[in-house]
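To be precise, the following lines are my_file_37.cif, and they hold mmCIF, C-alpha atoms.
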```
data_my_file
#
loop_
_atom_site.label_atom_id
_atom_site.label_comp_id
_atom_site.auth_asym_id
_atom_site.auth_seq_id
_atom_site.Cartn_x
_atom_site.Cartn_y
_atom_site.Cartn_z
CA PRO A 1 -105.71 7.11 3.42
CA LEU A 2 -108.66 8.17 5.56
CA LEU A 3 -109.72 10.68 2.92
CA ASP A 4 -109.53 8.04 0.21
CA ARG A 5 -111.75 5.74 2.26
CA GLY A 6 -114.50 8.34 2.49
CA ALA A 7 -113.97 9.34 6.13
CA GLY A 8 -115.27 12.67 7.32
CA GLY A 9 -113.82 14.99 9.93
CA LEU A 10 -111.05 17.54 10.28
CA PHE A 11 -107.92 17.09 8.14
CA ILE A 12 -104.91 19.39 8.60
CA ASP A 13 -101.55 19.58 6.84
CA ALA A 14 -98.86 22.26 6.88
CA ASP A 15 -97.85 21.44 3.30
CA ARG A 16 -99.69 23.80 0.94
CA ARG A 17 -99.10 21.55 -2.04
CA VAL A 18 -100.76 18.61 -0.32
CA ILE A 19 -103.76 20.73 0.65
CA ARG A 20 -104.12 22.16 -2.85
CA MET A 21 -104.21 18.65 -4.27
CA ALA A 22 -106.80 17.56 -1.70
CA LEU A 23 -109.03 20.57 -2.37
CA ALA A 24 -108.82 20.18 -6.15
CA GLY A 25 -110.11 16.63 -6.32
CA PRO A 26 -113.09 14.54 -5.28
CA ARG A 27 -111.96 14.54 -1.64
CA VAL A 28 -113.84 17.78 -0.96
CA ALA A 29 -117.15 17.00 0.73
CA PRO A 30 -119.58 18.69 3.14
CA HIS A 31 -118.66 16.31 5.97
CA ARG A 32 -114.96 17.27 5.77
CA ARG A 33 -112.91 20.32 6.69
CA ILE A 34 -109.48 20.36 5.01
CA LEU A 35 -107.08 23.00 6.33
CA ASN A 36 -103.61 24.25 5.48
CA SER A 37 -102.23 25.00 8.93
CA THR A 38 -99.71 24.01 11.57
CA VAL A 39 -100.78 22.47 14.87
CA SER A 40 -99.18 23.09 18.24
CA VAL A 41 -100.15 22.26 21.81
CA GLY A 42 -101.29 25.84 22.35
CA SER A 43 -103.46 25.94 19.23
CA VAL A 44 -105.39 22.73 19.94
CA PRO A 45 -108.26 24.18 22.07
CA THR A 46 -109.02 27.00 19.62
CA LEU A 47 -108.70 24.68 16.64
CA LEU A 48 -111.18 22.19 18.04
CA ARG A 49 -113.60 24.91 19.16
CA THR A 50 -113.50 26.68 15.78
CA HIS A 51 -114.16 23.46 13.85
CA ALA A 52 -116.38 21.76 16.42
CA PRO A 53 -118.89 20.33 13.88
CA PHE A 54 -116.10 18.27 12.32
CA VAL A 55 -114.65 16.80 15.54
CA ARG A 56 -117.75 15.26 17.09
CA ASP A 57 -117.74 11.54 17.90
CA VAL A 58 -114.19 11.13 16.60
CA GLU A 59 -113.31 7.53 15.79
CA VAL A 60 -109.71 7.88 14.62
CA LEU A 61 -107.05 10.39 15.68
CA GLN A 62 -103.92 10.39 13.52
CA VAL A 63 -100.97 12.72 14.06
CA ASP A 64 -97.76 12.93 12.04
CA ILE A 65 -95.98 16.23 12.67
CA ASP A 66 -92.39 14.90 12.89
CA THR A 67 -91.60 17.15 15.86
CA VAL A 68 -94.07 17.67 18.75
CA ASP A 69 -96.24 14.64 17.99
CA GLY A 70 -96.26 13.43 21.59
CA PRO A 71 -97.42 16.62 23.35
CA VAL A 72 -99.97 17.39 20.61
CA VAL A 73 -101.54 13.92 20.81
CA MET A 74 -101.82 14.15 24.60
CA LYS A 75 -103.41 17.60 24.35
CA LEU A 76 -105.92 16.39 21.76
CA LEU A 77 -106.88 13.49 24.03
CA GLU A 78 -107.87 15.99 26.72
CA PHE A 79 -110.77 16.94 24.44
CA LEU A 80 -111.35 13.87 22.26
CA SER A 81 -112.07 10.21 22.97
CA PRO A 82 -111.32 8.38 19.72
CA ARG A 83 -111.63 4.64 19.30
CA ALA A 84 -108.17 4.48 17.73
CA VAL A 85 -105.00 6.58 17.76
CA VAL A 86 -102.45 6.30 14.93
CA VAL A 87 -98.96 7.66 15.56
CA GLU A 88 -95.52 7.59 13.99
CA VAL A 89 -92.83 5.73 15.93
CA ARG A 90 -89.35 7.24 15.95
CA ASN A 91 -86.32 5.21 17.06
CA PHE A 92 -84.14 8.12 18.09
CA LEU A 93 -83.69 6.47 21.48
CA PRO A 94 -84.17 2.73 22.05
CA PHE A 95 -86.74 0.85 24.07
CA PRO A 96 -87.36 1.06 27.03
CA PHE A 97 -86.36 4.74 27.23
CA ARG A 98 -89.40 7.02 26.87
CA TYR A 99 -88.45 9.91 24.62
CA ALA A 100 -90.46 12.74 23.05
CA CYS A 101 -89.44 15.99 21.41
CA LEU A 102 -91.03 19.11 22.91
CA THR A 103 -90.31 21.66 20.19
CA THR A 104 -90.96 22.24 16.51
CA ASP A 105 -87.46 23.66 16.10
CA THR A 106 -85.04 20.73 16.10
CA LYS A 107 -82.19 22.78 14.61
CA GLY A 108 -82.22 20.61 11.51
CA LEU A 109 -81.56 17.43 13.51
CA ALA A 110 -83.65 14.25 13.47
CA TRP A 111 -84.72 14.66 17.11
CA GLY A 112 -88.42 15.04 16.39
CA GLY A 113 -91.34 12.81 17.27
CA ALA A 114 -91.64 10.18 19.99
CA ASN A 115 -90.44 6.61 20.38
CA LEU A 116 -92.33 3.39 21.04
CA ALA A 117 -91.82 3.33 24.81
CA TYR A 118 -93.26 6.85 25.10
CA TRP A 119 -96.38 5.93 23.14
CA LEU A 120 -96.89 2.68 25.04
CA TYR A 121 -96.68 4.47 28.39
CA GLU A 122 -98.53 7.71 27.68
CA LEU A 123 -101.32 6.17 25.62
CA GLY A 124 -101.47 3.22 28.01
CA ILE A 125 -102.30 5.37 31.03
CA ARG A 126 -105.04 6.95 28.91
CA GLY A 127 -106.62 3.58 28.21
CA TYR A 128 -105.15 2.71 24.82
CA ARG A 129 -103.45 -0.55 23.85
CA LEU A 130 -101.17 -1.27 20.91
CA LEU A 131 -102.99 -3.21 18.20
CA ARG A 132 -100.71 -3.09 15.15
CA MET A 133 -97.26 -1.78 14.30
CA ASP A 134 -95.01 -1.67 11.26
CA SER A 135 -91.63 -0.06 10.68
CA LEU A 136 -93.12 3.44 10.84
CA ASP A 137 -96.60 3.68 12.38
CA ALA A 138 -98.43 2.21 15.35
CA VAL A 139 -102.17 1.80 15.85
CA PHE A 140 -103.60 1.96 19.37
CA VAL A 141 -107.21 1.16 20.29
CA HIS A 142 -109.08 1.95 23.49
CA HIS A 143 -109.26 -1.01 25.85
CA ASP A 144 -113.07 -0.77 25.95
CA ASP A 145 -113.37 -1.13 22.19
CA PRO A 146 -114.61 -4.51 20.91
CA VAL A 147 -111.53 -4.75 18.67
CA ALA A 148 -109.24 -4.59 21.71
CA THR A 149 -111.34 -7.11 23.62
CA ALA A 150 -111.30 -9.60 20.75
CA ALA A 151 -107.54 -9.23 20.21
CA ASP A 152 -106.60 -9.71 23.92
CA LEU A 153 -104.04 -6.89 24.06
CA THR A 154 -103.07 -7.10 27.72
CA GLY A 155 -101.29 -10.43 28.14
CA ARG A 156 -97.64 -11.43 28.32
CA ARG A 157 -97.84 -12.96 24.85
CA HIS A 158 -98.93 -9.65 23.35
CA PHE A 159 -96.12 -7.77 25.10
CA LEU A 160 -93.50 -10.23 23.85
CA GLY A 161 -94.95 -9.96 20.35
CA THR A 162 -94.67 -6.16 20.56
CA LEU A 163 -91.05 -6.38 21.67
CA GLY A 164 -90.27 -8.90 18.93
CA CYS A 165 -91.78 -6.62 16.29
CA TYR A 166 -89.75 -3.72 17.64
CA VAL A 167 -86.48 -5.68 17.52
CA ARG A 168 -87.25 -6.83 13.98
CA ASN A 169 -87.84 -3.26 12.85
CA MET A 170 -84.68 -2.10 14.60
CA LEU A 171 -82.57 -4.73 12.86
CA LYS A 172 -84.04 -3.81 9.48
CA GLU A 173 -82.84 -0.24 9.99
CA ARG A 174 -79.23 -1.38 10.37
CA PRO A 175 -78.00 -3.22 7.25
CA PRO A 176 -74.87 -5.38 7.73
CA ALA A 177 -72.76 -2.92 5.73
CA ALA A 178 -73.45 -0.27 8.36
CA LEU A 179 -71.78 -2.40 11.03
CA PHE A 180 -68.57 -2.57 9.01
CA ARG A 181 -68.68 1.19 8.46
CA ASP A 182 -69.02 1.69 12.21
CA ILE A 183 -66.01 -0.56 12.89
CA LEU A 184 -63.89 1.30 10.35
CA ARG A 185 -64.92 4.68 11.75
CA LYS A 186 -64.10 3.57 15.28
CA GLN A 187 -60.65 2.37 14.21
CA GLN A 188 -60.01 5.72 12.52
CA GLU A 189 -61.06 7.58 15.66
CA GLU A 190 -58.77 5.49 17.84
CA ALA A 191 -55.89 6.09 15.45
CA ALA A 192 -56.51 9.83 15.62
CA SER A 193 -56.68 9.66 19.44
CA SER A 194 -59.65 12.03 19.49
CA PRO A 195 -62.85 11.07 21.33
CA ALA A 196 -66.00 11.02 19.23
CA SER A 197 -68.76 13.49 19.94
CA PRO A 198 -72.28 12.13 20.67
CA SER A 199 -73.40 13.08 17.16
CA ASP A 200 -70.54 11.09 15.58
CA ASN A 201 -70.90 8.15 17.93
CA TRP A 202 -74.69 7.93 18.23
CA SER A 203 -75.16 4.47 16.69
CA ASP A 204 -72.67 2.94 19.15
CA LEU A 205 -74.30 4.70 22.08
CA TRP A 206 -77.77 3.63 20.87
CA ARG A 207 -76.85 -0.04 20.72
CA GLY A 208 -75.12 0.12 24.08
CA TRP A 209 -78.16 1.62 25.77
CA PHE A 210 -80.52 -0.84 24.08
CA GLY A 211 -78.48 -3.75 25.42
CA ALA A 212 -78.09 -2.33 28.93
CA LYS A 213 -79.12 -4.77 31.65
CA HIS A 214 -80.45 -1.97 33.86
CA PRO A 215 -81.85 0.97 31.79
CA HIS A 216 -82.20 3.17 34.87
CA GLY A 217 -78.45 2.95 35.33
CA VAL A 218 -77.69 4.46 31.93
CA LEU A 219 -80.53 6.99 31.82
CA HIS A 220 -78.27 9.74 33.12
CA GLU A 221 -75.67 8.83 30.49
CA ALA A 222 -78.25 9.10 27.70
CA TRP A 223 -79.46 12.47 29.00
CA GLY A 224 -75.89 13.74 29.32
CA ASN A 225 -75.00 12.75 25.77
CA LEU A 226 -78.10 14.42 24.37
CA THR A 227 -77.47 17.69 26.16
CA ALA A 228 -73.78 17.56 25.24
CA TRP A 229 -74.82 17.22 21.61
CA ARG A 230 -77.34 20.10 21.77
CA ASN A 231 -78.57 21.81 24.92
CA ASP A 232 -81.15 24.02 23.20
CA ILE A 233 -83.66 21.37 22.03
CA PRO A 234 -86.33 20.65 24.68
CA PHE A 235 -87.25 16.99 25.13
CA THR A 236 -88.58 14.59 27.73
CA LEU A 237 -86.70 11.42 28.68
CA SER A 238 -87.44 8.76 31.27
CA SER A 239 -87.34 4.99 31.65
#
```

Show this structure as structure tokens.
Amino acid sequence: PLLDRGAGGLFIDADRRVIRMALAGPRVAPHRRILNSTVSVGSVPTLLRTHAPFVRDVEVLQVDIDTVDGPVVMKLLEFLSPRAVVVEVRNFLPFPFRYACLTTDTKGLAWGGANLAYWLYELGIRGYRLLRMDSLDAVFVHHDDPVATAADLTGRRHFLGTLGCYVRNMLKERPPAALFRDILRKQQEEAASSPASPSDNWSDLWRGWFGAKHPHGVLHEAWGNLTAWRNDIPFTLSS
């Protein structure tokens, strides 16, 4: 979208097909650098130094890697001070747990990315406030930006609106038919007298943790279920 709106800067994608399409059309311009590459925490300093003319006075930082989004965004913010940060929100673990994947190798599992609580906390301590959110992406703006000042992003009303939007998105992900499938599966498991593994029982665990009265009390349970599922995928988890 930023390319289509005429924005300049540094644009990177690991998908060769996407880059070929971008380089073959009218999106090529002197004020843009379009690269076919992967981005990791370790590659950020060299990447920014090599393409320094295209990362000056950055206004928007957008990252969508599907794996190490959290660590890469935080590393980029050590060097850049954008007005806005656009990130993808994953619901692998519910609010208020702060979860982020720390590896590009998720063993084929949907463990990648970072959830809403992680972005709110990590971007919040760096001066960014949530401005907009849909079922996939969230837009944060720096608290000194006129947009943030005009929108009043620090009050109780804004926090409750954020939580309401999150709950709405969560409910949209779980159609009513899925609840009946869960009940049937649970009855089958009980009949077989075999306990479900975390991977088979994740939706039940997720809802239980989301409804927990004291998240700190079930944090250890969430960590234990994750590591019981796979103990070779690095992640960060707190509440």

Expand the PyMOL selection byres ((chain A and resi 11-13) around 9) into the explicit residue set it covers here, and present it as a list in words.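 When the PyMOL selection byres ((chain A and resi 11-13) around 9) is applied to the shown file, the picked residues are Leu3, Gly8, Gly9, Leu10, Ala14, Asp15, Arg16, Val18, Ile19, Arg32, Arg33, Ile34, Leu35, Asn36, Ser37, Thr38, Val39 and Ile65 of chain A.
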
Residues of the last selection are to be written out with C-alpha atoms, as a PDB file, keeping the file's coordinate frame.
```pdb
ATOM      1  CA  LEU A   3    -109.720  10.680   2.920  1.00  0.00           C
ATOM      2  CA  GLY A   8    -115.270  12.670   7.320  1.00  0.00           C
ATOM      3  CA  GLY A   9    -113.820  14.990   9.930  1.00  0.00           C
ATOM      4  CA  LEU A  10    -111.050  17.540  10.280  1.00  0.00           C
ATOM      5  CA  ALA A  14     -98.860  22.260   6.880  1.00  0.00           C
ATOM      6  CA  ASP A  15     -97.850  21.440   3.300  1.00  0.00           C
ATOM      7  CA  ARG A  16     -99.690  23.800   0.940  1.00  0.00           C
ATOM      8  CA  VAL A  18    -100.760  18.610  -0.320  1.00  0.00           C
ATOM      9  CA  ILE A  19    -103.760  20.730   0.650  1.00  0.00           C
ATOM     10  CA  ARG A  32    -114.960  17.270   5.770  1.00  0.00           C
ATOM     11  CA  ARG A  33    -112.910  20.320   6.690  1.00  0.00           C
ATOM     12  CA  ILE A  34    -109.480  20.360   5.010  1.00  0.00           C
ATOM     13  CA  LEU A  35    -107.080  23.000   6.330  1.00  0.00           C
ATOM     14  CA  ASN A  36    -103.610  24.250   5.480  1.00  0.00           C
ATOM     15  CA  SER A  37    -102.230  25.000   8.930  1.00  0.00           C
ATOM     16  CA  THR A  38     -99.710  24.010  11.570  1.00  0.00           C
ATOM     17  CA  VAL A  39    -100.780  22.470  14.870  1.00  0.00           C
ATOM     18  CA  ILE A  65     -95.980  16.230  12.670  1.00  0.00           C
TER      19      ILE A  65
END
```

Got a sec: who's within 12 Å of stretch 151-154 of chain A, counting all atoms listed in the file, leaving out chain neighbours fewer than 6 positions off, as a list in words? Leu120, Gly124, Gly127, Tyr128, Arg129, Leu130, Leu131, Arg132, Phe140, Val141, His142, His143, Asp144, Asp145, Leu160, Gly161 and Thr162 of chain A

Residue with the minimum atom-to-atom distance to A:Ser81, picked from A:Arg5, A:Arg20, A:Arg126, A:His31 with all atoms listed in the file counted, is A:Arg126

Which is closer to A:Cys165 than all the others in A:Leu136, A:Leu80, A:Leu109, A:Ala100, using only C-alpha atoms?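 Once distances to A:Cys165 are computed over only C-alpha atoms, the minimum belongs to A:Leu136.
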
Output of the PyMOL selection byres ((chain A and resi 219-229) around 10), listed as a VMD selection string: chain A and resid 93 97 111 197 to 202 205 to 206 209 214 to 218 230 to 239
